[in-house]
Every structure is written in C-alpha cells, then in structure tokens.
$ cat structure.tsv   # TSV, C-alpha atoms
chain	number	residue	atom	x	y	z
O	9	MET	CA	139.50	75.68	117.63
O	10	ASN	CA	140.14	75.52	121.40
O	11	SER	CA	142.49	78.51	121.19
O	12	LEU	CA	139.62	80.64	119.86
O	13	ASN	CA	137.29	79.86	122.76
O	14	PRO	CA	138.94	82.28	125.26
O	15	ILE	CA	138.72	85.11	122.71
O	16	LYS	CA	135.09	84.25	121.99
O	17	ASN	CA	134.28	84.22	125.71
O	18	LYS	CA	135.96	87.58	126.23
O	19	VAL	CA	133.99	89.13	123.36
O	20	LEU	CA	130.75	87.77	124.79
O	21	ASP	CA	131.66	89.12	128.24
O	22	VAL	CA	132.35	92.57	126.80
O	23	LEU	CA	129.01	92.57	124.92
O	24	GLN	CA	127.14	91.46	128.05
O	25	ASN	CA	128.81	94.19	130.10
O	26	ILE	CA	127.81	96.79	127.50
O	27	GLN	CA	124.23	95.47	127.56
O	28	ARG	CA	124.11	95.65	131.37
O	29	ALA	CA	125.50	99.17	131.31
O	30	ILE	CA	122.88	100.33	128.81
O	31	GLU	CA	120.09	98.63	130.77
O	32	SER	CA	121.26	100.21	134.04
O	33	VAL	CA	121.21	103.66	132.45
O	34	ILE	CA	117.77	103.15	130.88
O	35	TYR	CA	116.26	101.77	134.09
O	36	LYS	CA	117.36	104.94	135.95
O	37	TRP	CA	115.41	107.11	133.51
O	38	ASN	CA	111.81	108.12	133.90
O	39	PRO	CA	109.53	105.75	131.86
O	40	LEU	CA	107.89	108.80	130.32
O	41	VAL	CA	111.27	110.04	129.08
O	42	VAL	CA	112.04	106.62	127.58
O	43	SER	CA	108.69	106.59	125.78
O	44	ILE	CA	109.29	110.07	124.39
O	45	ILE	CA	112.75	109.07	123.15
O	46	ILE	CA	111.31	105.97	121.44
O	47	TYR	CA	108.60	108.02	119.71
O	48	VAL	CA	111.14	110.64	118.62
O	49	VAL	CA	113.44	107.97	117.17
O	50	MET	CA	110.50	106.37	115.33
O	51	ALA	CA	109.47	109.77	113.97
O	52	LEU	CA	113.01	110.47	112.78
O	53	ILE	CA	113.14	107.09	111.03
O	54	ILE	CA	109.83	107.80	109.27
O	55	VAL	CA	111.00	111.28	108.26
O	56	GLY	CA	114.24	109.79	106.98
O	57	PHE	CA	112.44	107.24	104.82
O	58	ALA	CA	110.09	109.95	103.57
O	59	TYR	CA	113.04	112.15	102.62
O	60	ILE	CA	114.74	109.29	100.78
O	61	ALA	CA	111.50	108.48	98.93
O	62	TYR	CA	111.04	112.17	98.03
O	63	TYR	CA	114.63	112.41	96.82
O	64	VAL	CA	114.26	109.29	94.70
O	65	TYR	CA	110.94	110.56	93.29
O	66	LYS	CA	112.43	113.94	92.36
O	67	ASN	CA	115.56	112.46	90.87
O	68	GLU	CA	114.49	111.65	87.31
O	69	GLN	CA	117.45	109.40	86.60
O	70	ILE	CA	116.84	107.23	89.67
O	71	THR	CA	113.07	107.20	88.98
O	72	LYS	CA	113.64	106.18	85.37
O	73	GLN	CA	116.07	103.46	86.37
O	74	TYR	CA	113.64	102.20	89.02
O	75	ARG	CA	110.75	102.07	86.53
O	76	ASN	CA	112.89	100.30	83.96
O	77	THR	CA	113.94	97.73	86.56
O	78	VAL	CA	110.32	97.17	87.60
O	79	ASN	CA	109.15	96.88	83.99
O	80	ASN	CA	111.93	94.47	83.06
O	81	THR	CA	111.20	92.36	86.14
O	82	ASN	CA	107.48	92.30	85.32
O	83	GLU	CA	108.19	91.30	81.73
O	84	TYR	CA	110.50	88.50	82.83
O	85	ILE	CA	108.02	87.14	85.39
O	86	THR	CA	105.14	87.49	82.89
O	87	LYS	CA	107.00	85.48	80.25
O	88	ALA	CA	107.90	82.82	82.80
O	89	MET	CA	104.27	82.57	83.94
O	90	ILE	CA	102.95	82.44	80.36
O	91	ASN	CA	105.27	79.50	79.64
O	92	SER	CA	104.50	77.79	82.95
O	93	LYS	CA	102.81	74.38	82.66
O	94	ILE	CA	101.63	74.52	86.26
O	95	LYS	CA	98.02	75.74	86.27
O	96	GLY	CA	98.40	77.54	89.59
O	97	PHE	CA	101.15	79.74	88.14
O	98	ASN	CA	100.10	79.99	84.48
O	99	TYR	CA	99.51	83.63	83.53
O	100	ASP	CA	96.55	83.09	81.19
O	101	ILE	CA	94.74	80.74	83.56
O	102	ILE	CA	95.22	83.08	86.54
O	103	GLU	CA	94.16	86.08	84.44
O	104	GLN	CA	90.92	84.36	83.50
O	105	TYR	CA	90.37	83.24	87.11
O	106	ILE	CA	90.75	86.70	88.66
O	107	LYS	CA	88.46	88.01	85.95
O	108	SER	CA	85.68	85.43	86.31
O	109	SER	CA	85.86	85.13	90.11
O	110	GLY	CA	85.30	88.87	90.66
O	111	LEU	CA	88.78	89.67	92.01
O	112	LEU	CA	89.32	92.09	89.16
O	113	PHE	CA	86.10	93.87	90.11
O	114	ILE	CA	87.11	93.98	93.80
O	115	PHE	CA	90.74	95.12	93.41
O	116	GLY	CA	90.47	97.03	90.13
O	117	LYS	CA	91.86	96.52	86.64
O	118	LYS	CA	95.48	96.93	87.81
O	119	PHE	CA	95.23	93.65	89.74
O	120	THR	CA	97.40	91.46	87.51
O	121	PRO	CA	98.30	87.75	87.87
O	122	ILE	CA	101.71	88.84	89.21
O	123	LYS	CA	100.07	90.86	91.99
O	124	TYR	CA	97.75	87.92	92.64
O	125	ILE	CA	100.68	85.55	93.22
O	126	LEU	CA	102.57	88.19	95.23
O	127	PHE	CA	99.53	88.72	97.45
O	128	LYS	CA	99.26	84.98	98.14
O	129	VAL	CA	102.99	84.62	98.86
O	130	ILE	CA	102.98	87.55	101.30
O	131	ALA	CA	99.86	86.22	103.04
O	132	SER	CA	101.40	82.76	103.39
O	133	LEU	CA	104.69	84.16	104.75
O	134	LEU	CA	102.82	86.31	107.28
O	135	GLY	CA	100.83	83.26	108.34
O	136	PHE	CA	104.02	81.24	108.69
O	137	ALA	CA	105.66	83.99	110.78
O	138	VAL	CA	102.65	84.19	113.11
O	139	GLY	CA	102.51	80.40	113.42
O	140	MET	CA	106.20	80.14	114.28
O	141	SER	CA	105.53	82.16	117.44
O	142	VAL	CA	103.51	79.15	118.65
O	143	ASN	CA	104.92	76.00	116.99
O	144	ILE	CA	106.13	74.66	113.65
O	145	VAL	CA	102.92	72.69	112.96
O	146	LEU	CA	100.72	75.77	113.27
O	147	ALA	CA	103.22	77.67	111.14
O	148	PHE	CA	102.78	75.28	108.20
O	149	VAL	CA	99.00	75.23	108.69
O	150	LEU	CA	98.85	79.03	108.52
O	151	LEU	CA	101.26	78.95	105.58
O	152	VAL	CA	98.77	76.86	103.59
O	153	ILE	CA	95.78	78.91	104.78
O	154	GLY	CA	97.54	82.12	103.78
O	155	PHE	CA	98.22	80.79	100.29
O	156	VAL	CA	94.70	79.49	99.58
O	157	GLY	CA	92.80	82.07	101.63
O	158	LEU	CA	92.38	84.55	98.78
O	159	ASP	CA	90.94	81.83	96.51
O	160	PHE	CA	88.48	80.75	99.20
O	161	ILE	CA	87.29	84.33	99.73
O	162	ALA	CA	87.00	84.90	95.96
O	163	ASN	CA	85.00	81.71	95.42
O	164	GLU	CA	82.60	82.44	98.28
O	165	SER	CA	82.18	86.03	97.09
O	166	ASN	CA	81.47	84.79	93.56
O	167	LYS	CA	78.81	82.38	94.85
O	168	SER	CA	77.18	85.22	96.77
O	169	ASP	CA	77.25	87.45	93.68
O	170	ASN	CA	75.70	84.69	91.57
O	171	ARG	CA	72.80	84.36	94.02
O	172	GLN	CA	72.28	88.12	94.10
O	173	MET	CA	72.34	88.36	90.29
O	174	LEU	CA	69.44	85.97	89.72
O	175	ASP	CA	66.72	88.62	89.91
O	176	ASP	CA	68.72	90.96	87.66
O	177	ILE	CA	69.33	88.22	85.10
O	178	LYS	CA	65.61	87.41	85.04
O	179	GLY	CA	64.91	91.09	84.51
O	180	ILE	CA	67.37	91.18	81.61
O	181	TYR	CA	65.63	88.19	80.01
O	182	ASP	CA	62.29	89.97	80.36
O	183	THR	CA	63.66	93.15	78.81
O	184	ILE	CA	65.27	91.33	75.88
O	185	GLY	CA	62.09	89.34	75.30
O	186	MET	CA	59.86	92.42	75.23
O	187	GLN	CA	62.25	94.52	73.16
O	188	SER	CA	62.91	91.72	70.65
O	189	ARG	CA	59.18	91.26	70.11
O	190	ALA	CA	58.87	95.02	69.62
O	191	GLY	CA	61.67	94.91	67.02
O	192	ARG	CA	63.96	97.29	68.90
O	193	TYR	CA	67.67	97.40	68.07
O	194	VAL	CA	69.93	95.34	70.32
O	195	LYS	CA	72.14	98.29	71.38
O	196	ASP	CA	69.13	100.13	72.80
O	197	THR	CA	67.91	96.91	74.40
O	198	ILE	CA	71.21	96.39	76.25
O	199	VAL	CA	71.13	100.00	77.49
O	200	ASP	CA	67.66	99.34	78.91
O	201	CYS	CA	68.97	96.15	80.53
O	202	TYR	CA	71.85	98.08	82.11
O	203	LEU	CA	69.47	100.66	83.61
O	204	GLY	CA	67.43	97.93	85.30
O	205	VAL	CA	70.36	96.07	86.92
O	206	ARG	CA	70.99	96.59	90.66
O	207	ASN	CA	73.94	94.30	91.39
O	208	LYS	CA	77.10	96.46	91.22
O	209	ARG	CA	79.32	93.84	89.59
O	210	LEU	CA	76.76	92.97	86.90
O	211	LYS	CA	75.93	96.63	86.36
O	212	GLN	CA	79.61	97.48	85.81
O	213	ALA	CA	79.95	94.62	83.31
O	214	MET	CA	76.77	95.70	81.50
O	215	LEU	CA	78.10	99.27	81.28
O	216	GLU	CA	81.38	98.03	79.77
O	217	LEU	CA	79.43	95.78	77.38
O	218	THR	CA	77.34	98.73	76.19
O	219	SER	CA	80.40	100.93	75.73
O	220	GLU	CA	82.30	98.25	73.77
O	221	ILE	CA	79.34	97.55	71.47
O	222	ILE	CA	78.97	101.25	70.70
O	223	ALA	CA	82.72	101.77	70.23
O	224	LYS	CA	83.61	98.58	68.32
O	225	ASN	CA	80.25	97.62	66.80
O	226	ASP	CA	81.25	93.98	67.32
O	227	ILE	CA	78.51	92.13	69.19
O	228	GLN	CA	80.20	88.70	69.22
O	229	THR	CA	83.53	89.87	70.68
O	230	SER	CA	81.94	92.28	73.18
O	231	VAL	CA	79.47	89.71	74.49
O	232	GLU	CA	82.20	87.05	74.80
O	233	ASP	CA	84.32	89.46	76.83
O	234	PHE	CA	81.25	90.14	78.99
O	235	ARG	CA	80.72	86.40	79.53
O	236	THR	CA	84.30	85.77	80.70
O	237	LYS	CA	83.86	88.28	83.54
O	238	PHE	CA	81.70	85.77	85.40
O	239	ASN	CA	81.69	82.16	86.46
O	240	ASN	CA	77.95	81.75	86.17
O	241	GLN	CA	76.04	79.31	83.98
O	242	TYR	CA	73.14	81.74	83.61
O	243	ILE	CA	75.46	84.49	82.42
O	244	ASP	CA	76.74	82.00	79.82
O	245	SER	CA	73.15	81.41	78.68
O	246	LEU	CA	72.47	85.14	78.75
O	247	ALA	CA	75.44	85.71	76.44
O	248	VAL	CA	73.94	83.23	73.98
O	249	VAL	CA	70.59	85.02	74.17
O	250	ILE	CA	72.16	88.41	73.45
O	251	LYS	CA	74.11	86.98	70.51
O	252	GLN	CA	70.92	85.50	69.09
O	253	SER	CA	68.85	88.63	69.70
O	254	PHE	CA	69.25	89.48	66.00
O	255	GLU	CA	67.56	86.23	65.09
O	256	SER	CA	64.00	84.94	65.39
O	257	GLY	CA	62.61	81.47	65.86
O	258	SER	CA	63.19	79.59	69.10
O	259	MET	CA	64.83	82.42	71.00
O	260	SER	CA	61.69	83.29	73.00
O	261	GLN	CA	61.19	79.67	74.00
O	262	MET	CA	64.85	79.40	74.98
O	263	MET	CA	64.49	82.43	77.25
O	264	LEU	CA	61.44	80.88	78.90
O	265	ASP	CA	63.37	77.66	79.51
O	266	ILE	CA	66.31	79.53	81.04
O	267	ARG	CA	64.00	81.61	83.26
O	268	LYS	CA	62.36	78.39	84.43
O	269	GLN	CA	65.79	77.04	85.43
O	270	ILE	CA	66.51	80.20	87.39
O	271	GLU	CA	63.15	79.97	89.13
O	272	ASP	CA	63.98	76.39	90.11
O	273	ILE	CA	67.33	77.54	91.53
O	274	GLU	CA	65.63	80.35	93.46
O	275	ASN	CA	63.13	77.86	94.88
O	276	ALA	CA	66.02	75.62	95.92
O	277	ILE	CA	67.79	78.56	97.59
O	278	ALA	CA	64.58	79.56	99.37
O	279	GLU	CA	64.12	75.98	100.57
O	280	ALA	CA	67.73	75.85	101.78
O	281	LYS	CA	67.16	79.07	103.74
O	282	LYS	CA	64.05	77.57	105.32
O	283	ILE	CA	66.01	74.46	106.34
O	284	GLN	CA	68.75	76.66	107.80
O	285	ILE	CA	66.20	78.68	109.77
O	286	ARG	CA	64.60	75.47	111.09
O	287	ARG	CA	68.03	74.19	112.10
O	288	GLU	CA	68.83	77.43	113.94
O	289	ILE	CA	65.45	77.30	115.71
O	290	SER	CA	66.15	73.71	116.77
O	291	ILE	CA	69.57	74.69	118.13
O	292	VAL	CA	68.03	77.57	120.11
O	293	GLN	CA	65.34	75.24	121.48
O	294	LEU	CA	67.96	72.69	122.53
O	295	MET	CA	69.95	75.43	124.28
O	296	ILE	CA	66.81	76.58	126.13
O	297	TYR	CA	65.95	72.99	127.12
O	298	GLY	CA	69.53	72.51	128.29
O	299	ASP	CA	69.38	75.65	130.44
O	300	VAL	CA	66.04	74.60	131.95
O	301	LEU	CA	67.39	71.11	132.67
O	302	ALA	CA	70.55	72.57	134.27
O	303	VAL	CA	68.46	74.89	136.50
O	304	ALA	CA	66.12	72.04	137.48
O	305	LEU	CA	69.08	69.79	138.27
O	306	TYR	CA	70.72	72.52	140.35
O	307	VAL	CA	67.50	73.19	142.30
O	308	GLY	CA	66.99	69.45	142.87
O	309	ILE	CA	70.55	68.96	144.14
O	310	LYS	CA	70.21	72.05	146.36
O	311	ALA	CA	66.91	70.80	147.82
O	312	LEU	CA	68.33	67.32	148.38
O	313	SER	CA	71.37	68.75	150.10
O	314	SER	CA	69.16	70.86	152.40
O	315	GLY	CA	66.97	67.86	153.23
O	316	LEU	CA	69.95	65.73	154.14
O	317	GLY	CA	71.47	68.56	156.15
O	318	ILE	CA	74.64	68.59	154.07
$ encode --input "structure.tsv" --output "structure tokens"
Amino acid sequence: MNSLNPIKNKVLDVLQNIQRAIESVIYKWNPLVVSIIIYVVMALIIVGFAYIAYYVYKNEQITKQYRNTVNNTNEYITKAMINSKIKGFNYDIIEQYIKSSGLLFIFGKKFTPIKYILFKVIASLLGFAVGMSVNIVLAFVLLVIGFVGLDFIANESNKSDNRQMLDDIKGIYDTIGMQSRAGRYVKDTIVDCYLGVRNKRLKQAMLELTSEIIAKNDIQTSVEDFRTKFNNQYIDSLAVVIKQSFESGSMSQMMLDIRKQIEDIENAIAEAKKIQIRREISIVQLMIYGDVLAVALYVGIKALSSGLGI
C-alpha cells in the first residue's frame, strides 16, 4: 500500500497542475468571452440532445423497442402494485384515491397510480437534495415533506372543492325534486342539473354522468362511477337520490333532510368565517396597540433623557 502512495501523489500533482493551467488561461480571458463560450457550449449540448431525440423518434425500430420497454415496465410495476399489501403502494387504493381526491381532475385522465408514486419519489428526492446543502436533518425533513406534500395539497384542494360544491348540490336537489314531481324522465333531469352547476369539477363529472347514462343506459353503474369521483358525503347522498329518482314515496322527504344538513354545514362554515374575521381584527388591534405603546414608550424615554440632560 505504501508503495502506491508516491504514484498517487504524483497523479494528484499532475491533475492540480492541469487545473491551475486551465484556470490561469481562463482568468486571462475577457469575462464576456467566457460567458459567450459557456452559452455556446450549453446551446450545442441542447442541440445535440434534440438531434438524438429526433433520430430516436424517426427511427421506427428504436421507437418501437422503447415503447415496448416502457409498456413492459409499466405492466410489471402495475402487477407488483396490484399485489402489494401496503396501502400506500396498492394500485387499486391509489387509483381510487387520485380519483376521489380530485387529482385525476387536476392532472388529467393519464395520471395513473404509477405516475402518482413517481411524482412523490421525485419530489422527495429533490427535497432531500436541497436539504443536504444545509444539513442532514433538514434533508430528511424535506424528504418526508416531498413525499407527503402532494397528498396534503390534494386533501386541502378536495376540502375547498367540497365547500364550493354545496350551493351546486343544493341546486341539484331542487332540480331533481321539481322534475320528479313533474314526472320528467331522469335523463332529462340530469341534463338540467348539469346546466345549472358552476363548480368545474362537479360540472365535468355531471357531463360524464350524462354521457354514460345516454351511452350505456345503466343508471346504477353510471351513478356509482360518478360517486367515486368525490370524497364528499353529500355527493354520496346525491347518488342515492338519483338512483331512487325512479321511485316515489319518501324520496322528497329524504331530499329535504339532506338539504337541511347542507344548510347546517353552510351555517357552520359561515360562523367559522366570522370567528376567523374576529380573530384577524383582534390581531390587527393588538398590533396597533403595540405600535402605540412602543411610540409612547419611545417618547417617554426621549423626554426623560432630555430632562436629565443625558
């Protein structure tokens, strides 16, 4: 081992001399010239990658092989996730979650459970890399935040959507109630409900529900698919109402009961907003009082100092 140390030291000396020589040459150049060279090199790298991508795209054999590799990989990962007993990685559970939480509406129908996991892994790795520039503790904190961040955003977005949907859901109940009493067919009733909805996520789901009912003529399956697109207890109740819209009896009373629950929730939300406004007003008042007290204290100290001749 000791006999290798002189060789190692010589190699390091040669590398350091080469580095110093390169630095001495670069430092003699005009900074503007160095910047131009850097931009040109970056442009050449981008052009090179673009050419390679274009070549691969045009080459049918390479493209076919690439697609087959991607498809085989997706199939393998999908099977592994379907068989997974861990809820956080189970394909069916994740698929239902991204559907009911609104992630599918946000990212589009091509957002699969595999892409969901990939997104979380990349976010956690980026967080870890950023944290490592500071310290290892922050790296692990950002690693966890990166992994759960998407879920937090999805859950908060879903809660916001649920609050915004309340008025639309009440309007749907009203429409179903009036149309059912008039004896109108359920397909036409759902179309009328769709036209009155303002929330984009609910409107999209209502449009898909209408299309599926017309295409498949299967109310039960279509409404169940509609229900699974949300994590909302009032949507669950709405699905029951639509399914029972063919029937008579206690349906009208059930709709009144559900509307009463929604009105209670709206009253609770309105009360919570009032409390939040009062809290914000109190904070502002405390800040004003604090500023006034600080000014008074400063003036008092200043006057005392002047009186004492300090």
$ atom_distance --input "structure.tsv" --atom1 "atom CA of O:Met89" --atom2 "atom CA of O:Gly157"
21.1 Å
$ closest_residue --input "structure.tsv" --among "O:Ala88, O:Ala247, O:Leu150, O:Ile106" --to "O:Thr120" --atoms "only C-alpha atoms"
O:Ile106
$ atom_distance --input "structure.tsv" --atom1 "atom CA of O:Gln104" --atom2 "atom CA of O:Asp244"
14.8 Å
$ closest_residue --input "structure.tsv" --among "O:Phe238, O:Asp233, O:Gln228, O:Val300" --to "O:Ser165" --atoms "all atoms listed in the file"
O:Phe238
$ atom_distance --input "structure.tsv" --atom1 "atom CA of O:Lys268" --atom2 "atom CA of O:Tyr242"
11.3 Å
$ axis_aligned_box --input "structure.tsv" --around "stretch 213-219 of chain O" --padding-each-side "6 Å" --output "AutoDock Vina command-line options"
--center_x 79.1 --center_y 97.8 --center_z 79.5 --size_x 16.6 --size_y 18.3 --size_z 19.6
$ residues_around --input "structure.tsv" --residues "stretch 213-224 of chain O" --least-positions-apart "5" --cutoff "12 Å" --atoms "only C-alpha atoms" --output "PyMOL selection string"
chain O and resi 107-108+110+112-113+176-177+180+194-208+229-238+243+246-247+250-251
$ residues_around --input "structure.tsv" --residues "O:Ile122" --least-positions-apart "5" --cutoff "10 Å" --atoms "all atoms listed in the file" --output "PyMOL selection string"
chain O and resi 82+85-86+89+97+99+102-103+127
$ residues_near_point --input "structure.tsv" --point "(95.1, 81.2, 97.8)" --cutoff "9 Å" --atoms "all atoms listed in the file" --output "compact mmCIF listing (two decimals) with C-alpha atoms, keeping the file's coordinate frame"
# COMPACT_ATOMS: atom_id res chain seq x y z
CA TYR O 124 97.75 87.92 92.64
CA ILE O 125 100.68 85.55 93.22
CA PHE O 127 99.53 88.72 97.45
CA LYS O 128 99.26 84.98 98.14
CA VAL O 129 102.99 84.62 98.86
CA ALA O 131 99.86 86.22 103.04
CA SER O 132 101.40 82.76 103.39
CA VAL O 152 98.77 76.86 103.59
CA ILE O 153 95.78 78.91 104.78
CA GLY O 154 97.54 82.12 103.78
CA PHE O 155 98.22 80.79 100.29
CA VAL O 156 94.70 79.49 99.58
CA GLY O 157 92.80 82.07 101.63
CA LEU O 158 92.38 84.55 98.78
CA ASP O 159 90.94 81.83 96.51
CA PHE O 160 88.48 80.75 99.20
CA ILE O 161 87.29 84.33 99.73
